[in-house]
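**Student:** For reference, the file query.cif (mmCIF, C-alpha atoms) is included below:
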data_work
loop_
_atom_site.label_atom_id
_atom_site.label_comp_id
_atom_site.auth_asym_id
_atom_site.auth_seq_id
_atom_site.Cartn_x
_atom_site.Cartn_y
_atom_site.Cartn_z
CA MET A 1230 -13.93 -10.55 -153.17
CA SER A 1231 -13.86 -12.68 -150.00
CA LEU A 1232 -16.77 -15.07 -149.39
CA LEU A 1233 -18.89 -14.83 -146.24
CA ARG A 1234 -20.45 -17.69 -144.27
CA LEU A 1235 -22.99 -17.40 -141.49
CA THR A 1236 -22.18 -19.82 -138.63
CA SER A 1237 -25.16 -21.75 -137.24
CA THR A 1238 -25.83 -22.07 -133.47
CA LYS A 1239 -27.17 -25.66 -133.86
CA LEU A 1240 -24.02 -27.78 -133.64
CA PRO A 1241 -23.74 -31.53 -132.86
CA ALA A 1242 -23.49 -32.48 -129.20
CA ALA A 1243 -20.03 -33.98 -129.65
CA SER A 1244 -18.68 -30.71 -130.97
CA ASN A 1245 -16.05 -28.85 -129.04
CA PRO A 1246 -17.92 -26.56 -126.58
CA LEU A 1247 -15.40 -23.82 -127.28
CA ARG A 1248 -16.70 -23.62 -130.86
CA VAL A 1249 -20.40 -23.34 -129.89
CA LEU A 1250 -21.92 -19.87 -130.43
CA THR A 1251 -25.13 -18.63 -128.85
CA ALA A 1252 -27.77 -16.69 -130.83
CA SER A 1253 -26.44 -13.41 -129.45
CA GLN A 1254 -22.90 -14.33 -130.56
CA GLN A 1255 -23.62 -14.99 -134.26
CA TYR A 1256 -20.97 -13.41 -136.43
CA GLN A 1257 -20.08 -13.46 -140.13
CA ILE A 1258 -16.80 -15.29 -140.46
CA ARG A 1259 -14.48 -14.57 -143.48
CA THR A 1260 -13.50 -17.91 -145.07
CA HIS A 1261 -10.98 -17.14 -147.96
CA ALA A 1262 -9.77 -13.88 -146.48
CA THR A 1263 -7.00 -12.01 -148.26
CA ALA A 1264 -3.67 -12.57 -146.62
CA ILE A 1265 -1.55 -9.60 -145.67
CA GLY A 1266 1.21 -10.78 -147.94
CA ASP A 1267 -1.10 -10.79 -150.99
CA LYS A 1268 -1.01 -6.98 -151.25
CA ALA A 1269 2.67 -7.04 -152.00
CA LYS A 1270 2.07 -9.12 -155.14
CA GLY A 1271 0.22 -6.25 -156.89
CA ALA A 1272 2.89 -3.66 -156.08
CA PRO A 1273 5.29 -4.48 -158.99
CA ARG A 1274 2.41 -4.51 -161.46
CA LEU A 1275 1.17 -1.12 -160.25
CA ALA A 1276 4.68 0.33 -160.50
CA GLU A 1277 4.99 -1.06 -164.02
CA LEU A 1278 1.67 0.51 -165.05
CA ARG A 1279 2.72 3.91 -163.64
CA LYS A 1280 6.00 3.71 -165.55
CA LYS A 1281 4.14 2.90 -168.78
CA LEU A 1282 1.80 5.87 -168.32
CA ARG A 1283 4.77 8.20 -167.76
CA GLU A 1284 6.39 6.94 -170.97
CA GLU A 1285 3.19 7.42 -172.96
CA ASP A 1286 2.87 10.96 -171.64
CA ALA A 1287 6.40 11.71 -172.83
CA GLU A 1288 5.82 10.17 -176.26
CA ILE A 1289 2.80 12.36 -177.02
CA GLU A 1290 5.23 15.09 -178.08
CA GLU A 1291 6.09 12.91 -181.10
CA PHE A 1292 2.58 13.42 -182.47
CA VAL A 1293 2.12 17.15 -181.86
CA ASN A 1294 4.16 19.97 -183.32
CA PRO A 1295 3.55 22.98 -181.08
CA GLY A 1296 5.69 25.24 -183.25
CA PHE A 1297 8.08 25.97 -180.40
CA THR A 1298 10.49 24.02 -178.21
CA LYS A 1299 8.77 24.54 -174.85
CA LYS A 1300 6.55 21.66 -173.72
CA LEU A 1301 2.80 22.32 -173.91
CA THR A 1302 0.65 22.48 -170.82
CA HIS A 1303 -2.65 20.55 -170.80
CA THR A 1304 -4.53 23.78 -171.54
CA GLU A 1305 -2.22 24.91 -174.36
CA ALA A 1306 -2.43 21.52 -176.05
CA LEU A 1307 -6.09 22.17 -176.88
CA GLU A 1308 -5.67 25.55 -178.52
CA LEU A 1309 -3.39 27.62 -180.72
CA ARG A 1310 -0.81 29.80 -179.02
CA GLU A 1311 -2.32 32.93 -180.50
CA THR A 1312 -4.68 33.97 -183.25
CA VAL A 1313 -6.04 37.07 -184.94
CA VAL A 1314 -9.15 38.91 -183.77
CA GLN A 1315 -10.06 42.11 -185.62
CA GLY A 1316 -6.49 42.63 -186.79
CA THR A 1317 -4.89 42.11 -183.38
CA LYS A 1318 -3.02 39.02 -182.18
CA VAL A 1319 -4.30 37.69 -178.87
CA LYS A 1320 -3.65 34.66 -176.69
CA THR A 1321 -6.27 32.01 -177.41
CA THR A 1322 -6.58 31.19 -173.71
CA LYS A 1323 -8.49 34.48 -173.43
CA LEU A 1324 -11.10 33.32 -175.92
CA LYS A 1325 -14.25 31.55 -174.78
CA GLN A 1326 -15.40 28.48 -176.71
CA PRO A 1327 -18.27 29.68 -178.98
CA ARG A 1328 -21.64 27.92 -178.83
CA LEU A 1329 -22.75 25.70 -181.71
CA PRO A 1330 -24.96 27.75 -184.09
CA ASP A 1331 -28.24 26.41 -185.46
CA TRP A 1332 -26.90 25.90 -188.99
CA LEU A 1333 -24.46 23.26 -187.70
CA LYS A 1334 -26.98 21.13 -185.82
CA THR A 1335 -27.82 17.84 -187.55
CA GLU A 1336 -30.26 15.00 -186.91
CA ILE A 1337 -29.31 11.72 -185.25
CA PRO A 1338 -28.40 9.20 -188.01
CA ALA A 1339 -30.99 6.48 -188.68
CA GLY A 1340 -32.83 4.71 -191.50
CA GLN A 1341 -32.82 1.50 -193.51
CA ASN A 1342 -29.85 2.39 -195.73
CA PHE A 1343 -27.86 3.55 -192.71
CA GLY A 1344 -28.37 0.22 -190.96
CA LYS A 1345 -27.58 -1.84 -194.08
CA ILE A 1346 -24.27 -0.09 -194.79
CA LYS A 1347 -23.22 -0.37 -191.15
CA ARG A 1348 -23.96 -4.12 -191.10
CA ASP A 1349 -22.05 -4.69 -194.35
CA LEU A 1350 -19.04 -2.78 -193.02
CA ARG A 1351 -18.94 -4.75 -189.77
CA GLY A 1352 -19.44 -8.05 -191.56
CA LEU A 1353 -16.49 -7.41 -193.88
CA LYS A 1354 -14.37 -5.85 -191.09
CA LEU A 1355 -14.08 -2.53 -192.91
CA HIS A 1356 -13.70 0.96 -191.45
CA THR A 1357 -15.05 4.31 -192.64
CA VAL A 1358 -13.77 7.80 -192.08
CA CYS A 1359 -17.43 8.74 -191.61
CA GLU A 1360 -17.41 6.94 -188.24
CA GLU A 1361 -13.78 7.39 -187.20
CA ALA A 1362 -13.74 11.14 -187.87
CA ARG A 1363 -17.28 11.59 -186.44
CA CYS A 1364 -18.55 13.31 -189.57
CA PRO A 1365 -21.76 15.32 -189.02
CA ASN A 1366 -23.07 14.24 -192.46
CA ILE A 1367 -23.06 10.50 -191.76
CA GLY A 1368 -26.86 10.28 -191.49
CA ASP A 1369 -27.36 12.12 -194.79
CA CYS A 1370 -24.72 10.17 -196.72
CA TRP A 1371 -25.46 6.69 -195.39
CA GLY A 1372 -29.20 7.25 -195.24
CA GLY A 1373 -29.44 8.52 -198.80
CA GLY A 1374 -30.57 12.07 -198.04
CA GLU A 1375 -32.72 14.03 -200.46
CA HIS A 1376 -31.37 12.22 -203.57
CA GLN A 1377 -31.67 8.68 -202.09
CA THR A 1378 -28.11 7.78 -203.07
CA ALA A 1379 -26.28 6.22 -200.15
CA THR A 1380 -22.52 6.73 -200.06
CA ALA A 1381 -19.77 5.94 -197.58
CA THR A 1382 -16.06 6.72 -197.53
CA ILE A 1383 -14.06 3.55 -196.90
CA MET A 1384 -10.96 3.97 -194.72
CA LEU A 1385 -8.19 1.56 -195.68
CA MET A 1386 -5.25 0.14 -193.72
CA GLY A 1387 -6.99 -0.10 -190.35
CA ASP A 1388 -8.35 2.44 -187.89
CA GLU A 1389 -5.08 3.45 -186.20
CA CYS A 1390 -3.02 6.34 -187.59
CA THR A 1391 0.69 6.85 -186.97
CA ARG A 1392 0.13 10.61 -186.82
CA GLY A 1393 -1.71 12.74 -184.32
CA CYS A 1394 -3.16 15.90 -185.85
CA ARG A 1395 -4.84 18.08 -183.24
CA PHE A 1396 -8.18 18.24 -185.07
CA CYS A 1397 -8.63 14.54 -185.88
CA SER A 1398 -10.42 11.91 -183.78
CA VAL A 1399 -8.94 8.85 -185.54
CA LYS A 1400 -7.00 6.73 -183.04
CA THR A 1401 -3.23 7.28 -182.90
CA ASN A 1402 -0.66 4.49 -182.60
CA LYS A 1403 2.99 4.62 -183.64
CA ALA A 1404 2.94 0.82 -184.13
CA PRO A 1405 -0.50 -0.05 -185.60
CA LYS A 1406 -1.66 -3.53 -186.57
CA PRO A 1407 -0.29 -5.13 -189.76
CA LEU A 1408 -2.22 -4.60 -192.99
CA ASP A 1409 -5.07 -6.98 -193.73
CA PRO A 1410 -4.11 -8.75 -197.00
CA HIS A 1411 -7.80 -9.48 -197.67
CA GLU A 1412 -8.89 -5.84 -197.32
CA PRO A 1413 -8.66 -4.95 -201.06
CA GLU A 1414 -10.91 -7.91 -201.92
CA HIS A 1415 -13.38 -7.17 -199.09
CA THR A 1416 -13.54 -3.50 -200.06
CA SER A 1417 -14.23 -4.19 -203.72
CA GLU A 1418 -16.88 -6.75 -202.72
CA ALA A 1419 -18.67 -4.27 -200.45
CA ILE A 1420 -18.63 -1.51 -203.04
CA SER A 1421 -19.97 -3.75 -205.82
CA ARG A 1422 -22.70 -4.97 -203.41
CA TRP A 1423 -23.94 -1.41 -202.74
CA GLY A 1424 -24.38 -0.63 -206.44
CA LEU A 1425 -22.78 2.82 -206.31
CA ASP A 1426 -21.50 4.82 -209.26
CA TYR A 1427 -19.03 6.91 -207.24
CA VAL A 1428 -16.92 5.81 -204.28
CA VAL A 1429 -14.36 7.53 -202.07
CA LEU A 1430 -11.42 5.67 -200.55
CA THR A 1431 -9.22 7.17 -197.87
CA SER A 1432 -6.77 5.81 -195.32
CA VAL A 1433 -4.93 6.45 -192.12
CA ASP A 1434 -1.28 7.51 -192.36
CA ARG A 1435 1.06 4.53 -192.11
CA ASP A 1436 4.55 5.93 -191.55
CA ASP A 1437 5.50 2.50 -190.19
CA LEU A 1438 5.37 1.03 -193.73
CA ALA A 1439 8.21 1.45 -196.19
CA ASP A 1440 5.90 2.68 -198.98
CA GLY A 1441 3.38 4.35 -196.67
CA GLY A 1442 0.75 1.88 -197.87
CA SER A 1443 0.68 3.15 -201.47
CA LYS A 1444 0.81 -0.37 -202.99
CA HIS A 1445 -2.10 -1.49 -200.76
CA PHE A 1446 -4.05 1.56 -201.94
CA ALA A 1447 -3.30 0.79 -205.60
CA GLU A 1448 -4.26 -2.89 -205.24
CA THR A 1449 -7.65 -1.90 -203.81
CA ILE A 1450 -8.34 0.47 -206.71
CA ILE A 1451 -7.37 -2.15 -209.28
CA LYS A 1452 -9.72 -4.74 -207.74
CA ILE A 1453 -12.62 -2.25 -207.65
CA LYS A 1454 -12.13 -1.43 -211.32
CA GLN A 1455 -12.00 -5.14 -212.16
CA LYS A 1456 -15.27 -5.90 -210.36
CA ALA A 1457 -17.11 -2.75 -211.42
CA PRO A 1458 -15.40 -0.77 -214.23
CA HIS A 1459 -18.23 1.77 -214.32
CA ILE A 1460 -17.57 2.99 -210.76
CA LEU A 1461 -15.74 6.30 -210.48
CA VAL A 1462 -13.08 6.11 -207.78
CA GLU A 1463 -11.81 9.02 -205.71
CA CYS A 1464 -8.86 8.45 -203.39
CA LEU A 1465 -8.08 10.74 -200.47
CA THR A 1466 -4.49 9.85 -199.62
CA GLY A 1467 -1.89 10.94 -197.11
CA ASP A 1468 1.47 12.34 -198.19
CA PHE A 1469 3.29 8.97 -197.93
CA GLY A 1470 5.98 10.66 -195.85
CA GLY A 1471 6.83 12.95 -198.77
CA SER A 1472 7.58 10.02 -201.10
CA LEU A 1473 6.63 11.04 -204.63
CA GLN A 1474 7.05 7.41 -205.71
CA GLY A 1475 4.11 6.51 -203.46
CA VAL A 1476 2.05 9.30 -205.04
CA GLU A 1477 2.94 7.98 -208.49
CA THR A 1478 1.95 4.41 -207.57
CA VAL A 1479 -1.57 5.50 -206.59
CA ALA A 1480 -1.97 7.98 -209.46
CA GLN A 1481 -1.24 5.26 -212.03
CA SER A 1482 -3.54 2.63 -210.50
CA GLY A 1483 -6.65 3.61 -212.46
CA LEU A 1484 -8.40 6.03 -210.10
CA ASP A 1485 -10.38 9.01 -211.40
CA VAL A 1486 -9.86 11.66 -208.69
CA TYR A 1487 -6.71 12.14 -206.61
CA ALA A 1488 -7.43 14.01 -203.37
CA HIS A 1489 -5.02 15.12 -200.67
CA ASN A 1490 -5.99 17.67 -198.02
CA ILE A 1491 -3.90 20.66 -196.99
CA GLU A 1492 -6.35 20.94 -194.03
CA THR A 1493 -5.56 24.56 -193.08
CA VAL A 1494 -3.69 27.68 -194.19
CA GLU A 1495 0.10 27.66 -194.34
CA ALA A 1496 0.60 29.85 -191.24
CA LEU A 1497 -1.43 27.52 -189.01
CA THR A 1498 -0.15 24.20 -190.39
CA PRO A 1499 2.55 23.69 -187.71
CA PHE A 1500 -0.04 24.21 -184.97
CA VAL A 1501 -2.92 22.19 -186.47
CA ARG A 1502 -1.35 19.23 -188.25
CA ASP A 1503 1.13 16.58 -187.15
CA ARG A 1504 4.76 17.70 -187.24
CA ARG A 1505 5.50 15.28 -190.11
CA ALA A 1506 2.96 16.99 -192.38
CA GLY A 1507 3.60 20.27 -194.15
CA PHE A 1508 1.79 22.77 -196.35
CA ARG A 1509 4.50 22.73 -199.02
CA GLN A 1510 4.82 18.96 -198.85
CA SER A 1511 1.08 18.64 -199.50
CA LEU A 1512 1.35 20.96 -202.51
CA LYS A 1513 4.10 18.74 -203.91
CA VAL A 1514 1.86 15.68 -203.55
CA LEU A 1515 -0.97 17.34 -205.51
CA GLU A 1516 1.44 18.72 -208.12
CA HIS A 1517 3.14 15.37 -208.71
CA ALA A 1518 -0.17 13.54 -209.04
CA LYS A 1519 -1.16 15.92 -211.82
CA LYS A 1520 2.24 15.61 -213.54
CA THR A 1521 2.06 11.81 -213.37
CA LYS A 1522 -1.36 11.73 -215.04
CA PRO A 1523 -2.37 15.12 -216.52
CA ASP A 1524 -6.02 14.18 -217.08
CA LEU A 1525 -6.41 13.18 -213.41
CA ILE A 1526 -8.67 15.46 -211.38
CA THR A 1527 -6.91 16.71 -208.25
CA LYS A 1528 -8.76 17.86 -205.18
CA THR A 1529 -8.07 19.22 -201.67
CA SER A 1530 -9.90 20.51 -198.61
CA ILE A 1531 -9.52 23.35 -196.11
CA MET A 1532 -11.05 23.71 -192.63
CA LEU A 1533 -12.18 27.17 -191.56
CA GLY A 1534 -12.71 28.36 -188.00
CA CYS A 1535 -9.19 27.63 -186.72
CA GLY A 1536 -8.21 31.28 -186.42
CA GLU A 1537 -7.13 31.95 -190.01
CA THR A 1538 -7.41 35.37 -191.66
CA ASP A 1539 -9.04 36.14 -195.01
CA GLU A 1540 -5.61 36.95 -196.45
CA GLU A 1541 -4.28 33.54 -195.38
CA VAL A 1542 -7.25 31.68 -196.94
CA LEU A 1543 -6.84 33.60 -200.20
CA HIS A 1544 -3.11 32.82 -200.19
CA ALA A 1545 -3.84 29.10 -199.76
CA LEU A 1546 -6.30 29.10 -202.67
CA GLU A 1547 -3.82 30.92 -204.90
CA GLU A 1548 -1.04 28.45 -204.05
CA LEU A 1549 -3.36 25.56 -204.91
CA ARG A 1550 -4.09 27.02 -208.33
CA LYS A 1551 -0.35 27.40 -208.98
CA VAL A 1552 -0.03 23.59 -208.86
CA ASP A 1553 -3.17 23.20 -211.00
CA VAL A 1554 -5.52 21.74 -208.36
CA ASP A 1555 -8.96 21.30 -209.94
CA CYS A 1556 -11.37 21.12 -207.00
CA VAL A 1557 -11.41 22.47 -203.46
CA THR A 1558 -13.83 22.08 -200.56
CA LEU A 1559 -14.09 24.41 -197.57
CA GLY A 1560 -15.91 23.42 -194.39
CA GLN A 1561 -16.26 24.32 -190.74
CA TYR A 1562 -13.81 22.77 -188.26
CA MET A 1563 -15.83 20.84 -185.69
CA ARG A 1564 -14.14 19.84 -182.45
CA PRO A 1565 -14.56 16.03 -182.15
CA THR A 1566 -14.02 15.82 -178.37
CA LYS A 1567 -12.77 17.99 -175.53
CA ARG A 1568 -9.37 16.38 -176.00
CA HIS A 1569 -8.95 18.07 -179.38
CA MET A 1570 -8.10 21.58 -180.55
CA LYS A 1571 -10.74 24.18 -179.71
CA VAL A 1572 -12.86 25.91 -182.34
CA HIS A 1573 -11.82 29.53 -182.76
CA GLU A 1574 -15.03 30.64 -184.46
CA TYR A 1575 -18.06 29.31 -186.31
CA VAL A 1576 -17.83 30.84 -189.77
CA SER A 1577 -21.12 32.14 -191.17
CA PRO A 1578 -22.76 30.64 -194.29
CA GLU A 1579 -22.33 34.04 -195.98
CA LYS A 1580 -18.55 33.86 -195.55
CA PHE A 1581 -18.49 30.35 -196.99
CA LYS A 1582 -20.47 31.63 -199.99
CA HIS A 1583 -17.85 34.34 -200.41
CA TRP A 1584 -15.07 31.76 -200.66
CA GLU A 1585 -17.07 29.69 -203.14
CA THR A 1586 -17.36 32.69 -205.42
CA LYS A 1587 -13.70 33.62 -204.97
CA GLY A 1588 -12.57 30.07 -205.72
CA MET A 1589 -14.51 29.93 -208.99
CA GLU A 1590 -13.00 33.30 -209.95
CA LEU A 1591 -9.52 31.86 -209.38
CA GLY A 1592 -10.20 29.10 -211.89
CA PHE A 1593 -11.12 25.99 -209.89
CA LYS A 1594 -13.36 23.59 -211.80
CA TYR A 1595 -15.47 23.00 -208.72
CA VAL A 1596 -15.70 24.65 -205.29
CA ALA A 1597 -17.86 23.28 -202.45
CA SER A 1598 -17.96 25.74 -199.59
CA GLY A 1599 -20.31 25.51 -196.61
CA PRO A 1600 -20.41 24.87 -192.85
CA LEU A 1601 -21.16 21.13 -193.24
CA VAL A 1602 -19.11 20.51 -196.37
CA ARG A 1603 -16.45 17.81 -195.98
CA SER A 1604 -13.75 16.63 -198.37
CA SER A 1605 -15.71 13.48 -199.31
CA TYR A 1606 -19.24 14.83 -198.91
CA LYS A 1607 -21.53 13.42 -201.62
CA ALA A 1608 -22.65 16.84 -202.90
CA GLY A 1609 -19.12 17.28 -204.23
CA GLU A 1610 -19.08 13.76 -205.60
CA PHE A 1611 -22.14 14.52 -207.73
CA TYR A 1612 -20.56 17.45 -209.55
CA ILE A 1613 -17.15 15.82 -209.93
CA SER A 1614 -18.76 12.67 -211.39
CA ASN A 1615 -20.49 14.89 -213.95
CA ILE A 1616 -17.11 16.42 -214.85
CA LEU A 1617 -15.66 12.94 -215.41
CA LYS A 1618 -18.69 11.71 -217.38
CA LYS A 1619 -18.58 14.76 -219.62
CA ARG A 1620 -14.90 14.13 -220.35
CA LYS A 1621 -15.69 10.51 -221.30
CA GLY A 1622 -18.63 11.51 -223.45
CA LEU A 1623 -21.16 9.87 -221.12
CA PRO A 1624 -24.57 11.38 -220.24
CA THR A 1625 -24.45 13.53 -217.12
CA SER A 1626 -26.85 13.25 -214.20
CA SER A 1627 -29.57 15.83 -213.60
CA HIS A 1628 -29.69 17.65 -210.29
CA PRO A 1629 -32.59 19.77 -209.05
CA THR A 1630 -30.31 22.34 -207.45
CA SER A 1631 -27.49 22.35 -210.01
CA THR A 1632 -25.59 25.57 -210.56
CA SER A 1633 -23.42 26.81 -213.39
CA VAL A 1634 -20.61 24.38 -212.59
CA GLU A 1635 -20.96 22.65 -215.98
CA GLU A 1636 -20.65 25.99 -217.76
CA SER A 1637 -17.32 26.64 -216.10
CA LEU A 1638 -15.70 23.43 -217.40
#
Give the structure from the file, written as structure tokens.
**Tutor:**
Amino acid sequence: MSLLRLTSTKLPAASNPLRVLTASQQYQIRTHATAIGDKAKGAPRLAELRKKLREEDAEIEEFVNPGFTKKLTHTEALELRETVVQGTKVKTTKLKQPRLPDWLKTEIPAGQNFGKIKRDLRGLKLHTVCEEARCPNIGDCWGGGEHQTATATIMLMGDECTRGCRFCSVKTNKAPKPLDPHEPEHTSEAISRWGLDYVVLTSVDRDDLADGGSKHFAETIIKIKQKAPHILVECLTGDFGGSLQGVETVAQSGLDVYAHNIETVEALTPFVRDRRAGFRQSLKVLEHAKKTKPDLITKTSIMLGCGETDEEVLHALEELRKVDVDCVTLGQYMRPTKRHMKVHEYVSPEKFKHWETKGMELGFKYVASGPLVRSSYKAGEFYISNILKKRKGLPTSSHPTSTSVEESL
């Protein structure tokens, strides 16, 4: 910004009379004024920025699979092309965004445990999916909740994902930062410091790495087991680009639960997930993990409220049992921001209860189904840890609201 100077009327007598100003002729004189030619200097930079924005707009198609060749409009990018309402297919642009029901409203996160975990994470430069994915349970998990057991899901390999699923709020970058070689050590240090008995590790997708980050994942698990052998480790992995070798590397690293999410029903997968993901590919990941280590517990998660039908949900559950998946969680899809896919409906707690019952009937060892249930929510961790402890002949934990899960093992 140019500087301004107020010229005084009291000038020396020897001054040039042409420069003397009377009181009525006082003006603010610009001293460092911008020259006309200076504007031209910013023109190339502005043109370069516009070109970059146009290129980024074109590249967004790499991260979204619309299921058809025509380019999406801004409106279509936020919703499915069509869905099912009372047995009839309709355009989703005709549907109004439903209001958030009372059963999905949660308290603002706070508390001593919440603050401690957040400080430890920042100090060790670690990321959590709890923050990146804007999980509604973060206050309950980090704060300890009713059972006073604080948990957090560590997200490995940075906070930038090479994929761009339409439901996920994790940052997207096709060329993310290099892996932090100290991350496995920092992660194991943080986990041992918290004194947990069950921990969940997850990661962004790293299609830019030859092995998809599977060796980094395995190294972290090994270090955790070295520092604290008693800790049960669950890993929620990506599909490693379909590489079964990557799946095998993680499955043989010493973890206790191998999780990989199918996210939605098969019919909606091309519209909801990144184009490089696939329903069948995800089934192969879960199947190979079980074949690699038969006593490994396998787990997956499904979002409801994206426009799926009951028949499609049942089909997904049946396909999961065909590849011997042990545990499944079902939760409500929550739109992270207005830039993400719209919610088709808020599924009632009664419907979630229905799917819990149906899942147990199909033979799953554990089913967590509810509006606020997430793939790494600690309620699921409690029951799965009891499954693992029972297998190892260790005493199981008591739970005031336990159900007949143990009887079904």
**Student:** Figure out the distance between atom CA of A:Glu1277 and atom CA of A:Pro1407, please, to one decimal in Å.
**Tutor:**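 Going from atom CA of A:Pro1407 over to atom CA of A:Glu1277, I get 26.6 Å.
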**Student:** Counting only C-alpha atoms, which residues of stretch 1455-1476 of chain A sit at most 7 Å from some atom of stretch 1488-1512 of chain A, and what is each one's closest atom pair with its distance in Å to one decimal, listed by chain and rising residue number, as a Markdown table?
**Tutor:**
| residue | atom | partner | partner_atom | distance |
| --- | --- | --- | --- | --- |
| A:Cys1464 | CA | A:Ala1488 | CA | 5.7 |
| A:Leu1465 | CA | A:Ala1488 | CA | 4.4 |
| A:Thr1466 | CA | A:His1489 | CA | 5.4 |
| A:Gly1467 | CA | A:His1489 | CA | 6.3 |
| A:Asp1468 | CA | A:Ser1511 | CA | 6.4 |
| A:Gly1471 | CA | A:Gln1510 | CA | 6.3 |
**Student:** If we count only C-alpha atoms and set the cut-off at 8 Å, which residues sit around stretch 1541-1553 of chain A, ignoring sequence neighbours fewer than 3 positions away in its own chain? Please answer as a VMD selection string.
**Tutor:** chain A and resid 1494 to 1496 1512 1515 to 1516 1519 1527 1537 to 1538 1588 1591 to 1593
**Student:** Nearest to A:Thr1586: which of A:Val1554, A:Leu1525, A:Ile1420, A:Leu1559 is it, counting only C-alpha atoms?
**Tutor:** A:Leu1559
**Student:** What is the atom CA of A:Tyr1575-atom CA of A:Tyr1595 distance in Å, reported with one decimal?
**Tutor:**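 One can read the atom CA of A:Tyr1575 to atom CA of A:Tyr1595 distance as 23.4 Å.
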**Student:** Could you work out how far atom CA of A:Leu1385 lies from atom CA of A:Glu1414, giving the answer in Å with one decimal?
**Tutor:**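 Between atom CA of A:Glu1414 and atom CA of A:Leu1385 the gap is 11.7 Å.
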**Student:** Smallest atom-to-atom distance to A:Thr1391: which of A:Glu1579, A:Glu1540, A:Asp1524, A:Asp1437, using all atoms listed in the file?
**Tutor:**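 Of the candidates, the smallest distance to A:Thr1391 is held by A:Asp1437.
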